[in-house]
>>> print(open('entry.pdb').read())   # PDB, C-alpha atoms
MODEL        1
ATOM      1  CA  GLN Z  12       0.000   0.000   0.000
ATOM      2  CA  VAL Z  13       1.361   3.384  -1.033
ATOM      3  CA  GLN Z  14       1.592   6.029   1.664
ATOM      4  CA  LEU Z  15       2.957   9.549   1.412
ATOM      5  CA  VAL Z  16       3.683  11.513   4.576
ATOM      6  CA  GLU Z  17       4.602  15.196   4.478
ATOM      7  CA  SER Z  18       6.384  17.092   7.215
ATOM      8  CA  GLY Z  19       8.209  20.356   7.775
ATOM      9  CA  GLY Z  20       5.454  22.916   7.515
ATOM     10  CA  GLY Z  21       5.024  25.728   9.969
ATOM     11  CA  LEU Z  22       4.768  29.457  10.545
ATOM     12  CA  VAL Z  23       7.508  31.671   9.142
ATOM     13  CA  GLN Z  24       7.953  35.361   8.472
ATOM     14  CA  ALA Z  25       8.128  36.688   4.948
ATOM     15  CA  GLY Z  26      11.623  36.249   3.572
ATOM     16  CA  GLY Z  27      12.216  33.148   5.641
ATOM     17  CA  SER Z  28      12.744  29.543   4.640
ATOM     18  CA  LEU Z  29      11.181  26.161   5.227
ATOM     19  CA  ARG Z  30      12.093  22.676   4.084
ATOM     20  CA  LEU Z  31       9.279  20.258   3.457
ATOM     21  CA  SER Z  32       9.770  16.523   3.231
ATOM     22  CA  CYS Z  33       7.649  13.762   1.751
ATOM     23  CA  ALA Z  34       8.442  10.240   2.856
ATOM     24  CA  ALA Z  35       7.065   7.303   0.920
ATOM     25  CA  SER Z  36       6.271   3.734   1.790
ATOM     26  CA  GLY Z  37       5.049   1.052  -0.556
ATOM     27  CA  ILE Z  38       6.640   2.712  -3.556
ATOM     28  CA  ILE Z  39      10.094   3.704  -4.760
ATOM     29  CA  PHE Z  40      10.263   7.415  -5.439
ATOM     30  CA  SER Z  41      13.128   7.165  -7.881
ATOM     31  CA  ASN Z  42      10.931   5.171 -10.269
ATOM     32  CA  ASN Z  43       8.189   7.780 -10.354
ATOM     33  CA  ASP Z  44       7.522  11.432 -11.061
ATOM     34  CA  VAL Z  45       6.709  13.206  -7.795
ATOM     35  CA  ASP Z  46       4.911  16.533  -7.424
ATOM     36  CA  TRP Z  47       4.275  19.123  -4.770
ATOM     37  CA  TYR Z  48       0.922  20.885  -4.912
ATOM     38  CA  ARG Z  49      -0.442  23.583  -2.648
ATOM     39  CA  GLN Z  50      -3.879  24.847  -1.842
ATOM     40  CA  ALA Z  51      -4.714  28.171  -0.261
ATOM     41  CA  PRO Z  52      -8.110  28.797   1.371
ATOM     42  CA  GLY Z  53     -10.773  29.415  -1.266
ATOM     43  CA  LYS Z  54      -8.426  28.569  -4.115
ATOM     44  CA  GLN Z  55      -7.859  25.562  -6.305
ATOM     45  CA  ARG Z  56      -5.021  23.195  -5.658
ATOM     46  CA  GLU Z  57      -2.097  24.173  -7.865
ATOM     47  CA  LEU Z  58       1.061  22.456  -9.018
ATOM     48  CA  VAL Z  59       4.152  23.958  -7.428
ATOM     49  CA  THR Z  60       6.920  21.716  -8.705
ATOM     50  CA  LYS Z  61       7.683  18.279 -10.095
ATOM     51  CA  ILE Z  62      10.694  16.013 -10.194
ATOM     52  CA  THR Z  63      10.636  13.266 -12.796
ATOM     53  CA  SER Z  64      12.020   9.781 -12.456
ATOM     54  CA  ALA Z  65      14.894  10.962 -14.647
ATOM     55  CA  GLY Z  66      15.630  13.811 -12.274
ATOM     56  CA  SER Z  67      14.290  16.653 -14.387
ATOM     57  CA  THR Z  68      12.447  19.389 -12.564
ATOM     58  CA  ILE Z  69       9.784  21.928 -13.393
ATOM     59  CA  TYR Z  70       8.525  24.835 -11.328
ATOM     60  CA  ALA Z  71       5.532  27.106 -11.338
ATOM     61  CA  ASP Z  72       6.544  30.596 -12.450
ATOM     62  CA  SER Z  73       5.562  31.964  -9.057
ATOM     63  CA  VAL Z  74       8.236  29.913  -7.254
ATOM     64  CA  LYS Z  75      11.063  29.773  -9.798
ATOM     65  CA  GLY Z  76      14.357  30.802  -8.291
ATOM     66  CA  ARG Z  77      13.024  30.448  -4.733
ATOM     67  CA  PHE Z  78      11.975  26.804  -4.405
ATOM     68  CA  THR Z  79      14.035  23.690  -5.059
ATOM     69  CA  ILE Z  80      12.773  20.134  -5.258
ATOM     70  CA  SER Z  81      15.154  17.268  -4.640
ATOM     71  CA  ARG Z  82      15.067  13.551  -4.063
ATOM     72  CA  ASP Z  83      16.975  11.442  -1.552
ATOM     73  CA  ASN Z  84      16.870   7.971  -3.017
ATOM     74  CA  GLY Z  85      18.526   6.375  -0.001
ATOM     75  CA  LYS Z  86      15.763   7.617   2.277
ATOM     76  CA  ASN Z  87      13.009   7.372  -0.352
ATOM     77  CA  THR Z  88      12.140  10.978   0.391
ATOM     78  CA  VAL Z  89      11.466  14.075  -1.674
ATOM     79  CA  HIS Z  90      12.279  17.492  -0.262
ATOM     80  CA  LEU Z  91      11.046  20.955  -1.097
ATOM     81  CA  GLN Z  92      13.373  23.739  -0.035
ATOM     82  CA  MET Z  93      11.462  27.013   0.058
ATOM     83  CA  ASN Z  94      13.413  30.257   0.354
ATOM     84  CA  SER Z  95      12.407  33.906   0.261
ATOM     85  CA  LEU Z  96       8.902  32.932   1.273
ATOM     86  CA  LYS Z  97       6.025  35.301   0.607
ATOM     87  CA  PRO Z  98       2.595  35.511   2.226
ATOM     88  CA  GLU Z  99       1.084  34.248  -1.029
ATOM     89  CA  ASP Z 100       3.042  30.998  -0.569
ATOM     90  CA  SER Z 101       0.793  30.148   2.377
ATOM     91  CA  GLY Z 102      -1.380  27.081   2.096
ATOM     92  CA  VAL Z 103      -1.464  23.362   2.591
ATOM     93  CA  TYR Z 104       1.295  21.620   0.673
ATOM     94  CA  TYR Z 105       0.673  18.127  -0.648
ATOM     95  CA  CYS Z 106       2.979  15.491  -2.012
ATOM     96  CA  HIS Z 107       1.522  13.632  -4.988
ATOM     97  CA  LEU Z 108       2.282  10.959  -7.519
ATOM     98  CA  ILE Z 109       0.438   8.853 -10.048
ATOM     99  CA  ARG Z 110       1.040   5.145 -10.286
ATOM    100  CA  ASN Z 111      -0.917   2.780 -12.473
ATOM    101  CA  TYR Z 112      -3.343   5.646 -13.244
ATOM    102  CA  PHE Z 113      -4.139   6.094  -9.541
ATOM    103  CA  ASN Z 114      -3.507   9.381  -7.763
ATOM    104  CA  TYR Z 115      -1.759   9.178  -4.407
ATOM    105  CA  TRP Z 116      -1.788  12.164  -2.041
ATOM    106  CA  GLY Z 117      -0.263  12.798   1.319
ATOM    107  CA  GLN Z 118      -2.259  14.332   4.154
ATOM    108  CA  GLY Z 119      -0.669  17.731   3.586
ATOM    109  CA  THR Z 120       1.400  20.064   5.715
ATOM    110  CA  GLN Z 121       0.410  23.644   6.531
ATOM    111  CA  VAL Z 122       2.688  26.502   5.542
ATOM    112  CA  THR Z 123       1.859  29.963   6.844
ATOM    113  CA  VAL Z 124       3.940  32.972   5.860
ATOM    114  CA  SER Z 125       3.290  36.127   7.851
ATOM    115  CA  SER Z 126       3.910  39.568   6.416
TER
ENDMDL
END
>>> encode(input="entry.pdb", output="structure tokens")
Amino acid sequence: QVQLVESGGGLVQAGGSLRLSCAASGIIFSNNDVDWYRQAPGKQRELVTKITSAGSTIYADSVKGRFTISRDNGKNTVHLQMNSLKPEDSGVYYCHLIRNYFNYWGQGTQVTVSS
């Protein structure tokens, strides 16, 4: 059974940094594309960044140059380093992947950036 567990969220002032982690069980991250999504209150869930099984990365324009996704194959974990945080980065951040046409989501971790 695939399980994704996020951690690392919290409250930070604008300009600060946070590092989110997504740990997986039941699946090997290095064999799959892994995404981070976020959802702010009253808004749709949006794609923040993706790392492919080949190691390529893509970022939403709003986070380019500030966020970095990486994968630790030894720990079967994906990280999201978030720097220069802005209040508009606030929301619940979810780890996600698709395997055999099924969507797997973590429970989410709250990020709040105060101005």
>>> resolve_selection(input="entry.pdb", expression="the PyMOL selection byres ((chain Z and resi 70) around 7)", output="list in words")
Val59, Thr60, Lys61, Thr68, Ile69, Ala71, Asp72, Val74 and Lys75 of chain Z
>>> atom_distance(input="entry.pdb", atom1="atom CA of Z:Arg82", atom2="atom CA of Z:Ala51")
24.9 Å
>>> resolve_selection(input="entry.pdb", expression="the PyMOL selection byres ((chain Z and resi 20) around 8)", output="PDB file with C-alpha atoms, in the frame of the given file")
ATOM      1  CA  SER Z  18       6.384  17.092   7.215  1.00  0.00           C
ATOM      2  CA  GLY Z  19       8.209  20.356   7.775  1.00  0.00           C
ATOM      3  CA  GLY Z  21       5.024  25.728   9.969  1.00  0.00           C
ATOM      4  CA  LEU Z  22       4.768  29.457  10.545  1.00  0.00           C
ATOM      5  CA  LEU Z  29      11.181  26.161   5.227  1.00  0.00           C
ATOM      6  CA  ARG Z  30      12.093  22.676   4.084  1.00  0.00           C
ATOM      7  CA  LEU Z  31       9.279  20.258   3.457  1.00  0.00           C
ATOM      8  CA  THR Z 120       1.400  20.064   5.715  1.00  0.00           C
ATOM      9  CA  GLN Z 121       0.410  23.644   6.531  1.00  0.00           C
ATOM     10  CA  VAL Z 122       2.688  26.502   5.542  1.00  0.00           C
ATOM     11  CA  THR Z 123       1.859  29.963   6.844  1.00  0.00           C
TER      12      THR Z 123
END
>>> atom_distance(input="entry.pdb", atom1="atom CA of Z:Met93", atom2="atom CA of Z:Gly27")
8.3 Å
>>> closest_residue(input="entry.pdb", among="Z:Ile62, Z:Arg77, Z:Ser126, Z:Arg56", to="Z:Ser95", atoms="only C-alpha atoms")
Z:Arg77
>>> resolve_selection(input="entry.pdb", expression="the PyMOL selection byres ((chain Z and resi 64) around 9)", output="list in words")
Phe40, Ser41, Asn42, Asn43, Asp44, Val45, Ile62, Thr63, Ala65, Gly66 and Ser67 of chain Z
>>> closest_residue(input="entry.pdb", among="Z:Val103, Z:Leu96, Z:Val13, Z:Leu108", to="Z:Gln55", atoms="only C-alpha atoms")
Z:Val103
>>> residues_around(input="entry.pdb", residues="Z:Cys106", least_positions_apart="3", cutoff="8 Å", atoms="only C-alpha atoms", output="ChimeraX atom specification")
/Z:15-17,33,45-48,116-117,119
>>> write_last_selection(input="entry.pdb", atoms="C-alpha atoms", output="PDB file, keeping the file's coordinate frame")
ATOM      1  CA  LEU Z  15       2.957   9.549   1.412  1.00  0.00           C
ATOM      2  CA  VAL Z  16       3.683  11.513   4.576  1.00  0.00           C
ATOM      3  CA  GLU Z  17       4.602  15.196   4.478  1.00  0.00           C
ATOM      4  CA  CYS Z  33       7.649  13.762   1.751  1.00  0.00           C
ATOM      5  CA  VAL Z  45       6.709  13.206  -7.795  1.00  0.00           C
ATOM      6  CA  ASP Z  46       4.911  16.533  -7.424  1.00  0.00           C
ATOM      7  CA  TRP Z  47       4.275  19.123  -4.770  1.00  0.00           C
ATOM      8  CA  TYR Z  48       0.922  20.885  -4.912  1.00  0.00           C
ATOM      9  CA  TRP Z 116      -1.788  12.164  -2.041  1.00  0.00           C
ATOM     10  CA  GLY Z 117      -0.263  12.798   1.319  1.00  0.00           C
ATOM     11  CA  GLY Z 119      -0.669  17.731   3.586  1.00  0.00           C
TER      12      GLY Z 119
END
>>> closest_residue(input="entry.pdb", among="Z:Glu57, Z:Pro98, Z:Val23, Z:Tyr115", to="Z:Ala35", atoms="all atoms listed in the file")
Z:Tyr115
>>> atom_distance(input="entry.pdb", atom1="atom CA of Z:Gly85", atom2="atom CA of Z:Arg110")
20.3 Å
>>> residues_around(input="entry.pdb", residues="Z:Ser81", least_positions_apart="4", cutoff="7 Å", atoms="all atoms listed in the file", output="ChimeraX atom specification")
/Z:89-91
>>> axis_aligned_box(input="entry.pdb", around="stretch 63-78 of chain Z", padding_each_side="6 Å", output="JSON")
{"center_x": 10.6, "center_y": 20.9, "center_z": -9.5, "size_x": 22.1, "size_y": 34.2, "size_z": 22.2}
>>> residues_around(input="entry.pdb", residues="Z:Gln12", least_positions_apart="3", cutoff="9 Å", atoms="only C-alpha atoms", output="JSON, numbers by chain")
{"Z": [36, 37, 38]}
>>> closest_residue(input="entry.pdb", among="Z:Gln24, Z:Ser32, Z:Gln14, Z:Ser101", to="Z:Ile80", atoms="only C-alpha atoms")
Z:Ser32
